[in-house]
Structure formats: C-alpha cells, structure tokens
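Have a look at structure-v3.cif; it's mmCIF, C-alpha atoms:
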```
data_input
#
loop_
_atom_site.label_atom_id
_atom_site.label_comp_id
_atom_site.auth_asym_id
_atom_site.auth_seq_id
_atom_site.Cartn_x
_atom_site.Cartn_y
_atom_site.Cartn_z
CA MET A 1 84.65 -6.64 8.87
CA THR A 2 81.05 -6.11 7.85
CA ILE A 3 78.82 -8.61 9.65
CA LEU A 4 75.16 -9.61 9.24
CA ILE A 5 73.14 -11.30 12.00
CA LEU A 6 69.94 -13.08 10.94
CA GLY A 7 67.04 -13.01 13.42
CA SER A 8 64.95 -10.73 15.58
CA GLY A 9 64.88 -12.11 19.12
CA GLY A 10 66.65 -11.68 22.42
CA ARG A 11 69.32 -14.09 21.20
CA GLU A 12 70.10 -11.86 18.22
CA HIS A 13 70.20 -8.68 20.32
CA THR A 14 72.70 -10.45 22.60
CA PHE A 15 74.81 -11.47 19.58
CA ALA A 16 74.73 -7.88 18.31
CA TRP A 17 75.65 -6.52 21.77
CA LYS A 18 78.65 -8.88 21.95
CA ILE A 19 79.78 -8.48 18.30
CA ALA A 20 79.53 -4.67 18.51
CA GLN A 21 82.20 -4.78 21.27
CA SER A 22 84.72 -6.35 18.88
CA PRO A 23 87.35 -4.11 17.26
CA LEU A 24 87.17 -6.54 14.29
CA CYS A 25 83.58 -5.48 13.52
CA GLU A 26 83.38 -2.26 11.54
CA THR A 27 79.76 -2.39 10.33
CA LEU A 28 76.92 -4.47 11.77
CA TYR A 29 73.57 -5.30 10.17
CA VAL A 30 70.69 -7.30 11.65
CA ALA A 31 67.85 -8.71 9.55
CA PRO A 32 65.14 -8.10 10.56
CA GLY A 33 66.32 -7.12 14.06
CA ASN A 34 64.35 -5.37 16.82
CA SER A 35 64.35 -2.17 18.90
CA GLY A 36 67.44 -3.33 20.80
CA THR A 37 69.55 -4.12 17.75
CA ALA A 38 68.46 -0.78 16.23
CA GLN A 39 70.50 1.01 18.91
CA ILE A 40 73.80 -0.72 18.04
CA ALA A 41 73.41 -1.87 14.43
CA THR A 42 71.44 -1.18 11.25
CA ASN A 43 68.22 -3.18 10.97
CA ILE A 44 67.18 -4.39 7.51
CA GLU A 45 63.60 -5.57 6.99
CA ILE A 46 64.23 -9.00 5.42
CA LYS A 47 62.77 -12.40 6.33
CA VAL A 48 65.40 -14.85 7.62
CA THR A 49 64.23 -17.44 5.05
CA ASP A 50 64.29 -15.11 2.02
CA PHE A 51 67.65 -16.31 0.71
CA LYS A 52 67.48 -14.23 -2.49
CA ALA A 53 66.96 -10.99 -0.53
CA ILE A 54 69.76 -12.00 1.85
CA LYS A 55 72.05 -12.61 -1.13
CA ASP A 56 71.29 -9.17 -2.58
CA LEU A 57 72.00 -7.55 0.79
CA VAL A 58 75.28 -9.44 1.26
CA ILE A 59 76.50 -8.36 -2.18
CA SER A 60 75.33 -4.73 -1.96
CA LYS A 61 76.73 -4.16 1.55
CA LYS A 62 79.91 -6.24 0.94
CA ILE A 63 79.18 -8.43 3.96
CA ASP A 64 82.04 -10.70 5.10
CA MET A 65 80.27 -12.88 7.65
CA VAL A 66 76.71 -14.07 8.31
CA VAL A 67 75.78 -15.22 11.81
CA VAL A 68 72.57 -17.28 11.72
CA GLY A 69 70.47 -16.91 14.88
CA PRO A 70 67.32 -19.07 14.43
CA GLU A 71 66.97 -22.66 13.22
CA ASP A 72 64.66 -22.21 10.19
CA PRO A 73 67.25 -20.85 7.71
CA LEU A 74 69.77 -23.53 8.80
CA VAL A 75 67.29 -26.39 8.37
CA LEU A 76 66.34 -24.92 4.96
CA GLY A 77 70.02 -24.93 3.94
CA ILE A 78 71.23 -21.32 3.98
CA HIS A 79 74.85 -22.39 4.50
CA ASP A 80 74.68 -24.64 1.42
CA TYR A 81 73.03 -21.80 -0.54
CA PHE A 82 76.10 -19.64 0.14
CA LEU A 83 78.61 -22.41 -0.65
CA ASN A 84 76.90 -23.20 -3.97
CA ASP A 85 76.86 -19.59 -5.19
CA ASP A 86 80.01 -18.13 -6.78
CA ASP A 87 79.11 -14.64 -5.54
CA LEU A 88 78.66 -15.83 -1.95
CA LYS A 89 80.99 -18.75 -1.30
CA HIS A 90 83.77 -16.49 0.10
CA VAL A 91 81.41 -15.28 2.88
CA SER A 92 81.76 -16.98 6.28
CA VAL A 93 78.51 -18.51 7.51
CA ILE A 94 78.25 -19.40 11.21
CA GLY A 95 75.85 -22.35 11.37
CA PRO A 96 75.85 -25.96 10.11
CA GLN A 97 75.04 -27.10 6.58
CA LYS A 98 71.62 -28.57 5.82
CA ALA A 99 72.57 -32.24 6.29
CA ALA A 100 73.81 -31.51 9.83
CA ALA A 101 70.92 -29.15 10.66
CA GLU A 102 68.62 -32.21 10.44
CA LEU A 103 69.74 -32.85 14.04
CA GLU A 104 67.18 -30.19 14.92
CA GLY A 105 65.02 -30.46 11.81
CA SER A 106 64.01 -34.05 12.60
CA LYS A 107 63.63 -35.64 16.05
CA GLU A 108 63.85 -39.09 14.43
CA PHE A 109 67.13 -38.18 12.66
CA ALA A 110 68.56 -36.97 15.99
CA LYS A 111 67.49 -40.15 17.81
CA GLU A 112 69.07 -42.34 15.12
CA PHE A 113 72.30 -40.30 15.40
CA LEU A 114 72.34 -40.71 19.20
CA TYR A 115 71.77 -44.48 18.98
CA ARG A 116 74.33 -44.92 16.20
CA HIS A 117 77.07 -43.23 18.24
CA ASN A 118 76.10 -44.81 21.59
CA ILE A 119 75.25 -41.47 23.18
CA PRO A 120 72.99 -41.88 26.24
CA THR A 121 69.34 -40.94 25.54
CA ALA A 122 65.78 -42.17 26.21
CA ALA A 123 64.42 -45.29 24.47
CA TYR A 124 62.04 -44.39 21.61
CA LYS A 125 60.09 -45.42 18.50
CA SER A 126 58.67 -43.25 15.72
CA PHE A 127 55.30 -43.51 14.01
CA ASN A 128 53.33 -42.01 11.10
CA LYS A 129 49.65 -41.97 10.12
CA ASN A 130 49.93 -45.46 8.59
CA ASN A 131 50.91 -47.17 11.84
CA VAL A 132 48.97 -45.25 14.50
CA GLU A 133 47.66 -48.54 15.95
CA GLU A 134 51.26 -49.69 16.56
CA GLY A 135 51.83 -46.37 18.30
CA TYR A 136 48.94 -47.12 20.66
CA LYS A 137 50.45 -50.53 21.42
CA PHE A 138 53.89 -49.00 22.08
CA LEU A 139 52.32 -46.49 24.50
CA GLU A 140 50.78 -49.45 26.38
CA THR A 141 54.28 -50.87 26.99
CA LEU A 142 55.49 -47.65 28.67
CA ASN A 143 54.91 -46.30 32.15
CA PRO A 144 53.42 -42.80 32.44
CA PRO A 145 54.11 -39.98 31.86
CA TYR A 146 54.10 -40.41 28.07
CA VAL A 147 56.32 -38.21 25.88
CA LEU A 148 55.14 -37.37 22.34
CA LYS A 149 57.34 -35.26 20.07
CA ALA A 150 56.43 -33.87 16.65
CA ASP A 151 59.30 -34.91 14.35
CA GLY A 152 59.71 -31.54 12.61
CA LEU A 153 60.13 -27.90 13.67
CA ALA A 154 57.18 -26.68 15.75
CA ALA A 155 58.72 -23.52 17.25
CA GLY A 156 59.44 -25.24 20.56
CA LYS A 157 55.77 -26.22 21.00
CA GLY A 158 55.77 -29.74 19.53
CA VAL A 159 56.42 -31.79 22.69
CA LEU A 160 53.59 -33.17 24.85
CA ILE A 161 54.09 -34.87 28.24
CA LEU A 162 50.90 -36.62 29.36
CA ASN A 163 50.01 -38.74 32.39
CA ASP A 164 46.92 -40.46 31.06
CA LEU A 165 47.23 -43.33 28.56
CA ASN A 166 43.93 -42.60 26.78
CA GLU A 167 44.82 -38.92 26.49
CA ALA A 168 48.24 -39.90 25.06
CA LYS A 169 46.54 -42.12 22.46
CA SER A 170 44.09 -39.40 21.51
CA GLU A 171 46.87 -36.78 21.21
CA LEU A 172 48.94 -39.18 19.06
CA LYS A 173 45.94 -39.47 16.75
CA ASN A 174 45.49 -35.69 16.88
CA MET A 175 49.11 -35.13 15.82
CA LEU A 176 49.31 -37.78 13.09
CA ILE A 177 45.78 -37.84 11.64
CA ASN A 178 44.51 -34.31 12.40
CA ALA A 179 47.93 -32.65 11.83
CA LYS A 180 47.87 -30.82 15.17
CA PHE A 181 51.32 -29.36 14.42
CA GLY A 182 50.90 -29.28 10.63
CA GLU A 183 53.82 -30.66 8.60
CA ALA A 184 55.89 -31.00 11.77
CA SER A 185 53.77 -33.88 13.10
CA THR A 186 53.50 -36.08 9.98
CA LYS A 187 55.89 -38.24 12.04
CA VAL A 188 55.82 -38.49 15.84
CA VAL A 189 58.53 -39.83 18.13
CA ILE A 190 57.30 -41.50 21.33
CA GLU A 191 59.95 -41.90 24.00
CA GLU A 192 60.31 -43.07 27.56
CA PHE A 193 60.02 -40.35 30.18
CA LEU A 194 63.29 -39.49 31.94
CA ASP A 195 62.93 -38.24 35.48
CA GLY A 196 65.53 -35.67 36.51
CA ILE A 197 66.56 -32.03 36.26
CA GLU A 198 67.29 -30.44 32.91
CA LEU A 199 70.19 -28.27 31.76
CA SER A 200 71.77 -27.19 28.48
CA CYS A 201 75.32 -27.58 27.26
CA PHE A 202 76.64 -25.31 24.48
CA VAL A 203 79.49 -26.34 22.21
CA LEU A 204 81.31 -24.44 19.47
CA THR A 205 82.77 -26.52 16.66
CA ASP A 206 84.65 -25.76 13.44
CA GLY A 207 83.98 -29.28 12.14
CA LYS A 208 87.20 -30.69 13.60
CA ASN A 209 87.81 -29.02 16.97
CA TYR A 210 85.37 -28.05 19.68
CA LYS A 211 85.17 -25.71 22.68
CA ILE A 212 82.60 -25.96 25.47
CA LEU A 213 80.81 -22.79 26.60
CA PRO A 214 79.21 -22.38 30.05
CA THR A 215 76.18 -24.49 30.95
CA ALA A 216 72.78 -22.88 31.45
CA LYS A 217 69.35 -23.89 32.70
CA ASP A 218 66.22 -22.37 31.25
CA TYR A 219 62.63 -22.34 32.47
CA LYS A 220 60.15 -23.36 29.79
CA ARG A 221 56.74 -23.28 31.47
CA ILE A 222 54.65 -20.13 31.71
CA GLY A 223 53.65 -20.65 35.35
CA GLU A 224 55.49 -20.52 38.67
CA GLY A 225 56.81 -23.85 39.90
CA ASP A 226 57.16 -25.03 36.28
CA THR A 227 53.42 -25.31 35.70
CA GLY A 228 51.19 -24.43 32.76
CA LEU A 229 51.92 -24.32 29.05
CA ASN A 230 55.34 -24.59 27.42
CA THR A 231 56.87 -21.36 26.09
CA GLY A 232 60.01 -20.42 24.19
CA GLY A 233 61.64 -19.86 27.62
CA MET A 234 60.83 -17.61 30.60
CA GLY A 235 64.30 -17.16 32.09
CA ALA A 236 67.72 -18.75 32.50
CA VAL A 237 70.66 -19.16 34.88
CA SER A 238 74.36 -19.78 34.10
CA PRO A 239 76.35 -21.64 35.35
CA VAL A 240 74.12 -24.46 36.59
CA PRO A 241 74.87 -24.87 40.33
CA PHE A 242 74.35 -28.66 40.37
CA ALA A 243 76.71 -29.28 37.42
CA THR A 244 79.83 -30.26 39.38
CA ASP A 245 83.24 -30.71 37.73
CA GLU A 246 82.73 -34.48 37.86
CA PHE A 247 79.35 -34.17 36.12
CA LEU A 248 80.77 -31.78 33.48
CA THR A 249 83.51 -34.34 32.74
CA LYS A 250 80.82 -36.98 32.15
CA ILE A 251 79.05 -34.62 29.73
CA GLU A 252 82.26 -34.02 27.78
CA GLU A 253 83.38 -37.67 27.65
CA ARG A 254 80.02 -39.38 27.06
CA ILE A 255 78.18 -36.75 25.03
CA VAL A 256 80.24 -33.87 23.59
CA LYS A 257 83.18 -35.90 22.23
CA PRO A 258 81.07 -38.66 20.63
CA THR A 259 78.77 -35.98 19.13
CA ILE A 260 81.66 -34.14 17.42
CA ILE A 261 83.28 -37.41 16.29
CA GLY A 262 79.85 -38.63 15.10
CA LEU A 263 79.38 -35.53 12.94
CA GLN A 264 82.72 -36.25 11.24
CA LYS A 265 82.03 -39.99 10.83
CA ASP A 266 78.60 -39.30 9.31
CA ASN A 267 80.03 -36.55 7.07
CA LEU A 268 77.73 -33.88 8.52
CA PRO A 269 79.50 -30.54 7.86
CA TYR A 270 79.24 -28.40 10.96
CA LYS A 271 80.58 -24.90 11.72
CA GLY A 272 78.73 -23.23 14.54
CA PHE A 273 76.93 -23.87 17.82
CA VAL A 274 75.74 -27.26 19.02
CA PHE A 275 73.08 -26.87 21.71
CA ILE A 276 72.68 -30.11 23.68
CA GLY A 277 69.55 -30.34 25.82
CA LEU A 278 70.40 -32.65 28.71
CA ILE A 279 68.74 -34.23 31.70
CA LYS A 280 70.57 -35.33 34.85
CA VAL A 281 69.12 -38.72 35.81
CA GLY A 282 70.61 -39.82 39.13
CA ASN A 283 74.18 -38.71 38.55
CA ASP A 284 74.33 -39.30 34.81
CA PRO A 285 73.67 -37.00 31.85
CA LYS A 286 71.38 -38.11 29.01
CA VAL A 287 70.50 -36.22 25.81
CA ILE A 288 66.93 -34.99 25.37
CA GLU A 289 67.51 -33.14 22.10
CA TYR A 290 69.96 -31.33 19.85
CA ASN A 291 69.49 -27.80 18.55
CA VAL A 292 71.78 -26.45 15.85
CA ARG A 293 71.99 -22.86 17.13
CA MET A 294 72.16 -21.03 20.43
CA GLY A 295 69.18 -21.20 22.78
CA ASP A 296 66.97 -18.28 23.73
CA PRO A 297 66.97 -17.13 26.60
CA GLU A 298 70.18 -19.10 27.34
CA THR A 299 72.20 -16.87 24.99
CA GLU A 300 71.31 -13.95 27.26
CA VAL A 301 73.21 -15.58 30.14
CA VAL A 302 75.95 -17.50 28.28
CA LEU A 303 77.35 -14.76 26.02
CA PRO A 304 77.55 -12.13 28.81
CA ARG A 305 79.87 -14.55 30.66
CA LEU A 306 82.18 -15.00 27.64
CA LYS A 307 85.23 -12.74 27.98
CA ASN A 308 86.62 -13.50 24.49
CA ASP A 309 86.12 -11.44 21.37
CA LEU A 310 83.21 -13.29 19.71
CA VAL A 311 84.22 -12.25 16.18
CA GLU A 312 87.68 -13.74 16.74
CA ILE A 313 85.99 -17.03 17.76
CA PHE A 314 83.76 -16.93 14.66
CA GLN A 315 86.82 -16.36 12.43
CA ALA A 316 88.49 -19.40 14.03
CA ILE A 317 85.33 -21.48 13.36
CA SER A 318 85.40 -20.34 9.74
CA ASN A 319 89.13 -21.12 9.32
CA GLN A 320 88.99 -24.36 11.36
CA THR A 321 91.51 -23.00 13.89
CA LEU A 322 89.27 -23.20 16.96
CA ASP A 323 91.93 -25.25 18.76
CA LYS A 324 94.09 -22.08 18.90
CA ILE A 325 91.44 -20.20 20.94
CA ASN A 326 91.49 -20.24 24.72
CA ILE A 327 87.94 -19.67 25.99
CA GLU A 328 87.82 -17.27 28.95
CA ILE A 329 84.76 -17.18 31.21
CA ASP A 330 83.57 -14.60 33.73
CA GLN A 331 83.28 -16.51 37.01
CA ARG A 332 80.21 -14.58 38.09
CA THR A 333 76.72 -15.99 37.66
CA ALA A 334 74.42 -14.47 35.05
CA THR A 335 70.63 -14.73 35.22
CA THR A 336 67.89 -13.48 32.93
CA VAL A 337 64.15 -13.05 33.40
CA MET A 338 61.86 -12.83 30.37
CA LEU A 339 59.05 -10.28 30.25
CA VAL A 340 56.14 -11.55 28.15
CA SER A 341 52.88 -10.20 26.76
CA GLY A 342 49.71 -10.95 28.75
CA GLY A 343 48.07 -14.10 27.39
CA TYR A 344 51.31 -15.55 25.96
CA PRO A 345 51.90 -18.38 24.96
CA GLU A 346 48.29 -18.26 23.74
CA ALA A 347 46.64 -15.21 22.12
CA TYR A 348 48.13 -11.85 23.16
CA GLU A 349 48.01 -8.23 22.05
CA LYS A 350 50.88 -6.30 20.44
CA GLY A 351 51.69 -2.60 20.13
CA LYS A 352 51.99 -1.81 23.87
CA GLU A 353 54.50 0.91 24.75
CA ILE A 354 57.33 -0.21 27.05
CA LYS A 355 58.24 2.42 29.64
CA GLY A 356 61.16 2.67 32.08
CA ILE A 357 63.95 1.13 29.96
CA ASP A 358 66.23 4.13 30.57
CA SER A 359 65.96 3.75 34.35
CA ILE A 360 67.54 0.26 34.38
CA LYS A 361 70.82 0.13 36.32
CA ASP A 362 73.16 -2.85 36.86
CA SER A 363 71.20 -5.05 34.44
CA ILE A 364 71.23 -5.42 30.64
CA PRO A 365 67.87 -5.29 28.87
CA PHE A 366 67.99 -7.55 25.81
CA HIS A 367 65.06 -6.73 23.53
CA ALA A 368 63.14 -9.61 21.93
CA GLY A 369 59.58 -9.04 20.66
CA ALA A 370 59.93 -5.25 20.63
CA VAL A 371 60.27 -2.70 17.82
CA LEU A 372 60.77 1.05 17.45
CA LYS A 373 57.76 3.01 16.26
CA ASP A 374 57.67 6.83 16.22
CA GLY A 375 60.58 6.93 18.65
CA LYS A 376 58.84 4.61 21.15
CA VAL A 377 59.70 1.01 22.00
CA ILE A 378 56.54 -1.08 21.59
CA THR A 379 55.77 -4.79 21.97
CA SER A 380 55.70 -6.89 18.79
CA GLY A 381 55.80 -10.45 20.10
CA GLY A 382 55.02 -12.83 22.94
CA ARG A 383 58.43 -12.75 24.58
CA VAL A 384 59.22 -9.04 24.82
CA MET A 385 62.42 -8.43 26.77
CA ALA A 386 65.04 -10.37 28.78
CA ILE A 387 66.56 -8.63 31.81
CA THR A 388 70.07 -10.02 32.44
CA SER A 389 72.15 -9.41 35.57
CA TYR A 390 75.47 -10.56 37.04
CA GLY A 391 76.01 -11.61 40.64
CA ASN A 392 78.47 -13.56 42.81
CA THR A 393 75.63 -16.02 43.40
CA TYR A 394 72.56 -16.77 41.30
CA GLN A 395 70.37 -15.39 44.12
CA GLU A 396 72.18 -12.02 43.97
CA ALA A 397 71.93 -11.87 40.16
CA ILE A 398 68.23 -12.78 40.13
CA LYS A 399 67.48 -10.16 42.80
CA LYS A 400 69.04 -7.46 40.57
CA SER A 401 66.95 -8.57 37.58
CA TYR A 402 63.75 -8.43 39.63
CA GLN A 403 64.64 -5.01 41.10
CA ASN A 404 65.05 -3.62 37.59
CA ILE A 405 61.88 -5.28 36.30
CA GLU A 406 59.96 -3.18 38.85
CA LYS A 407 61.06 -0.08 36.90
CA LEU A 408 59.60 -1.42 33.65
CA HIS A 409 56.01 -1.35 32.51
CA PHE A 410 53.82 -2.23 29.56
CA ASP A 411 50.13 -3.10 29.51
CA LYS A 412 49.47 -6.70 30.75
CA MET A 413 53.24 -7.33 31.29
CA ASN A 414 53.80 -10.81 32.72
CA TYR A 415 56.87 -12.70 34.01
CA ARG A 416 57.78 -15.57 36.29
CA LYS A 417 58.69 -14.51 39.81
CA ASP A 418 60.47 -17.74 40.71
CA ILE A 419 63.36 -18.16 38.23
CA GLY A 420 66.00 -20.30 39.95
CA PHE A 421 63.45 -21.70 42.43
CA ASP A 422 64.57 -25.32 41.97
CA LEU A 423 68.33 -24.77 42.35
#
```

As structure tokens - that is how I would like this structure written.
Amino acid sequence: MTILILGSGGREHTFAWKIAQSPLCETLYVAPGNSGTAQIATNIEIKVTDFKAIKDLVISKKIDMVVVGPEDPLVLGIHDYFLNDDDLKHVSVIGPQKAAAELEGSKEFAKEFLYRHNIPTAAYKSFNKNNVEEGYKFLETLNPPYVLKADGLAAGKGVLILNDLNEAKSELKNMLINAKFGEASTKVVIEEFLDGIELSCFVLTDGKNYKILPTAKDYKRIGEGDTGLNTGGMGAVSPVPFATDEFLTKIEERIVKPTIIGLQKDNLPYKGFVFIGLIKVGNDPKVIEYNVRMGDPETEVVLPRLKNDLVEIFQAISNQTLDKINIEIDQRTATTVMLVSGGYPEAYEKGKEIKGIDSIKDSIPFHAGAVLKDGKVITSGGRVMAITSYGNTYQEAIKKSYQNIEKLHFDKMNYRKDIGFDL
C-alpha cells in the first residue's frame, strides 16, 4: 500500500516509525513531516488543512490510505471531504467524520454528549458574551479552584485553573469579551474542579467494535513538580502504575462502552482513535475531555508498546473488522521525555542545530519541531524531540531517557528532570 500521514510532530514521526515496519506498507509519505520522518518516508510540503493540495497528492501518488495525526483537519471535515469526492471515496481515512470530531472541536458538545449518555464527568455550565453576568454568578456557587475552558480548539492552551474568584471573573470576561483565545473562546465552559490524578485512555474503533490500547500519563506543565504554564506535553509514561485491573475495568464499563454505544446512538460516524482524558477521583474514573486523535507525547509511549502491525489494524478499522484483531502489548514500560526550546511555551528561538543524535543508544529519538536544513537537524518548533525508552520499571526506562538526553545538545535546550515524579 501507499500511505500518507498528515502532520509534523512527534506523534507523526512515531506513526511513520511504526507504519514503516509493516510489510503492508510499500511507500510512505508524510505531509509536511519533519527531520525524523524524512529518514523513513518522503516528506511533502503541504499544510494539513489544504484539502485541495492533499487531494492532488493522493491522486498523483495513488495513495490508498490517509492517517490523520492532528485534530484541525478532522474538525474541519477532511474525512467527509474524501467521502464526498468520487476521486477520493475509495481511499481509507483513519479519523472520525466532522460530526463526531466535534467531541474535540467543542467542549460544550462533548459535555452534552457525556451527560446524555450518563458518562461520569464534572458538573458544568457554558456561557457566551451575552450572559457573562450569569457566568459570574455561577462562579460564585462553586468552590475554588475555578476551571474555565475555551469551547473551541486553542492548541491545548485554552484551559485556565484559577484559585481566586475575582481573577476567575476577570479571565472569563477576558475570554468572552476580549477574545483572549480568539474564535475558540466565543463560548466558555465553566466546570467544577475535580481533585485527583490524571491519565489518558486510548481506544480504537471502527464505528461498531472497539479495542483498548495501553493507558498513559502525560505531564503538561513546563516546570518541575507540575508548576508553571501549560504546554503541549513535556513527557509521558505507559502503562500508568496506579491503573489497577479493577480500575481499568471501571474505565471500560463506565466510560469506554457507553462512549462507543453513544457514538452509534447519536449517529456520529467514527473510524479512528478516541483519546479519553480521565481523572481518578478517589477510586473512580471521570472524563475530563475527549480528543479525536492520538495524544502527543502519549503516542511516543503507547505505539512503541504495540506489538501488532499498525497497518493491519488500520485496514480492520477501515473494513469494520476490528473485532477480528487481537491486540498484543509489550509488557515493558515505555517513557518519553520532551526536549523543548528555551522560552517555550512563550516566545522562543528557532533554527538551533541539534547535536549528538547519532550517539543515542537504547532509546528512540522521535523528532517533533525539527527539520533538515543543509544536512543538519535544526529546531523549528517549541517541542523539539521526544526521547523514548523501554524498561522493566518506569524508573529504569526514565533513567535511560535521561542518560541519552545528556548526549544531546542545542542552544537553550530545556526539559523536565522529574517525569514520573508523582507515580
């Protein structure tokens, strides 16, 4: 098969790494890709939301399958674009259709879905610029901390957790009236704060059947001890040590099954990954959010533990025969640590040469915000590279990642030195 992956991050390099191992994949393209995908596939400089350019590429290269990495093209309806085009409808697209992608595209839509199907989640209300005063009143009924979420896509930055009531009111005004997150915050969801430890559950579905992939926990804050600003993710661990068999059963029965049944009941066509952000409150799982694609950096620890041929799984999703697949998991732990540009998640410089990649042993460097220029790998984004390692325990795996990070260097390189600290 000829396969196209859309995206340019660590997630997409991991997909390419895994797909390239499949005997079913003859030719692999990544658009736009990065310096890591360039080593195992052909990068094509196309924006993931330029559907016309993607169509031309798919036709000219006779592409059989498109694997969608990021959320934007899914929320904009790329799957529907393929289904509605006679030249494209035979191509398999891994990712939900637009109606189902609203689970990530709108926080309010996701909350309504959760309530409708009795899936455990935090209490909430949503507000717009016309009822800001009601929003203030609702905040007064809650205990701190206060959770404010921009309704739309804000690249993982649209959630504020604040301890002070007046600050929460002023930020609500900032989001709704001053458009702090642009279009994304024309609506804001305010919800009760859930106190617990977070984890992510990843599910594959073909629209009828589902398979559960390993759990993972990622670390969102820039600073050690989970302090400082939110980022796209600074590291991850899989499996999650505190997710016992009993707890995993609760996740499947109370959350995964009703989610998949809910998608069918609501006629939301779904072929791809369901990423369920969870929080363990006491001994019970509750849903924080849905994403309609794999997480990043969680992909960098989940896919390396998958023993199956990923292309075979994607074919089964496309043909709705996922029930015939037996998912096999490497029992070792996988951990990843993200190297970021100095200053990230605020202003940072690009174009720094990354040295020492060839000296890495016993770890896999997944490139993210990095590109090839004149034969050198240079930084091109905030999150630059994820260093993934296996171990019999998460401590052993993390130690390997950190040992290899010491061999790497780029100007102002930054990373968290405490991934796994809370486990």

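With distances restricted to only C-alpha atoms, A:Ser35 is the closest residue to Val377 (chain A) from A:Ile364, A:Asp284, A:Ile212, A:Ser35.
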
Can you give me, as a PyMOL selection string, the residues this file yields under the PyMOL selection byres ((chain A and resi 369) around 12)?
chain A and resi 7-13+32-37+232+338-341+344+349-354+366-368+370-372+377-386

### Task
Give me the result of the PyMOL selection byres ((chain A and resi 26) around 6) on this file, residue by residue, as a PyMOL selection string.
chain A and resi 1-2+25+27

Would you write out those residues with C-alpha atoms, as a short mmCIF file (atom, residue, chain, number, x, y, z; two decimals), keeping the file's coordinate frame?
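Output contents, as saved in again-v6.cif:
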```cif
data_model
loop_
_atom_site.label_atom_id
_atom_site.label_comp_id
_atom_site.auth_asym_id
_atom_site.auth_seq_id
_atom_site.Cartn_x
_atom_site.Cartn_y
_atom_site.Cartn_z
CA MET A 1 84.65 -6.64 8.87
CA THR A 2 81.05 -6.11 7.85
CA CYS A 25 83.58 -5.48 13.52
CA THR A 27 79.76 -2.39 10.33
#
```

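Those residues returned by the PyMOL selection byres ((chain A and resi 165) around 12) for this file are A:Gly135, A:Tyr136, A:Lys137, A:Phe138, A:Leu139, A:Glu140, A:Thr141, A:Leu142, A:Asn143, A:Pro144, A:Pro145, A:Tyr146, A:Val147, A:Leu148, A:Ile161, A:Leu162, A:Asn163, A:Asp164, A:Asn166, A:Glu167, A:Ala168, A:Lys169, A:Ser170, A:Glu171, A:Leu172.
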
Residue subset to file, keeping C-alpha atoms, as an mmCIF file, keeping the file's coordinate frame:
```cif
data_model
loop_
_atom_site.group_PDB
_atom_site.id
_atom_site.type_symbol
_atom_site.label_atom_id
_atom_site.label_comp_id
_atom_site.auth_asym_id
_atom_site.auth_seq_id
_atom_site.Cartn_x
_atom_site.Cartn_y
_atom_site.Cartn_z
ATOM 1 C CA GLY A 135 51.830 -46.370 18.300
ATOM 2 C CA TYR A 136 48.940 -47.120 20.660
ATOM 3 C CA LYS A 137 50.450 -50.530 21.420
ATOM 4 C CA PHE A 138 53.890 -49.000 22.080
ATOM 5 C CA LEU A 139 52.320 -46.490 24.500
ATOM 6 C CA GLU A 140 50.780 -49.450 26.380
ATOM 7 C CA THR A 141 54.280 -50.870 26.990
ATOM 8 C CA LEU A 142 55.490 -47.650 28.670
ATOM 9 C CA ASN A 143 54.910 -46.300 32.150
ATOM 10 C CA PRO A 144 53.420 -42.800 32.440
ATOM 11 C CA PRO A 145 54.110 -39.980 31.860
ATOM 12 C CA TYR A 146 54.100 -40.410 28.070
ATOM 13 C CA VAL A 147 56.320 -38.210 25.880
ATOM 14 C CA LEU A 148 55.140 -37.370 22.340
ATOM 15 C CA ILE A 161 54.090 -34.870 28.240
ATOM 16 C CA LEU A 162 50.900 -36.620 29.360
ATOM 17 C CA ASN A 163 50.010 -38.740 32.390
ATOM 18 C CA ASP A 164 46.920 -40.460 31.060
ATOM 19 C CA ASN A 166 43.930 -42.600 26.780
ATOM 20 C CA GLU A 167 44.820 -38.920 26.490
ATOM 21 C CA ALA A 168 48.240 -39.900 25.060
ATOM 22 C CA LYS A 169 46.540 -42.120 22.460
ATOM 23 C CA SER A 170 44.090 -39.400 21.510
ATOM 24 C CA GLU A 171 46.870 -36.780 21.210
ATOM 25 C CA LEU A 172 48.940 -39.180 19.060
#
```

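The gap separating CA of Ile94 (chain A) from CA of Leu4 (chain A) is 10.5 Å, in Å to one decimal.
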
I'd like a table as JSON lines: residues in region 240-298 of chain A with an atom no more than 12 Å from region 123-134 of chain A, each row giving the shortest atom pair and its distance in Å to one decimal, all atoms listed in the file counted, sorted by chain and rising residue number.
```
{"residue": "A:Lys286", "atom": "CA", "partner": "A:Ala123", "partner_atom": "CA", "distance": 11.0}
{"residue": "A:Val287", "atom": "CA", "partner": "A:Ala123", "partner_atom": "CA", "distance": 11.0}
{"residue": "A:Ile288", "atom": "CA", "partner": "A:Ala123", "partner_atom": "CA", "distance": 10.6}
```

Among A:Tyr210, A:Phe113, A:Tyr415, A:Phe193, Met234 (chain A) is approached most closely, using only C-alpha atoms, by A:Tyr415

Counting only C-alpha atoms, closest pick from A:Ala316, A:Ile387, A:Ala100, A:Val256 relative to Val237 (chain A) is A:Ile387
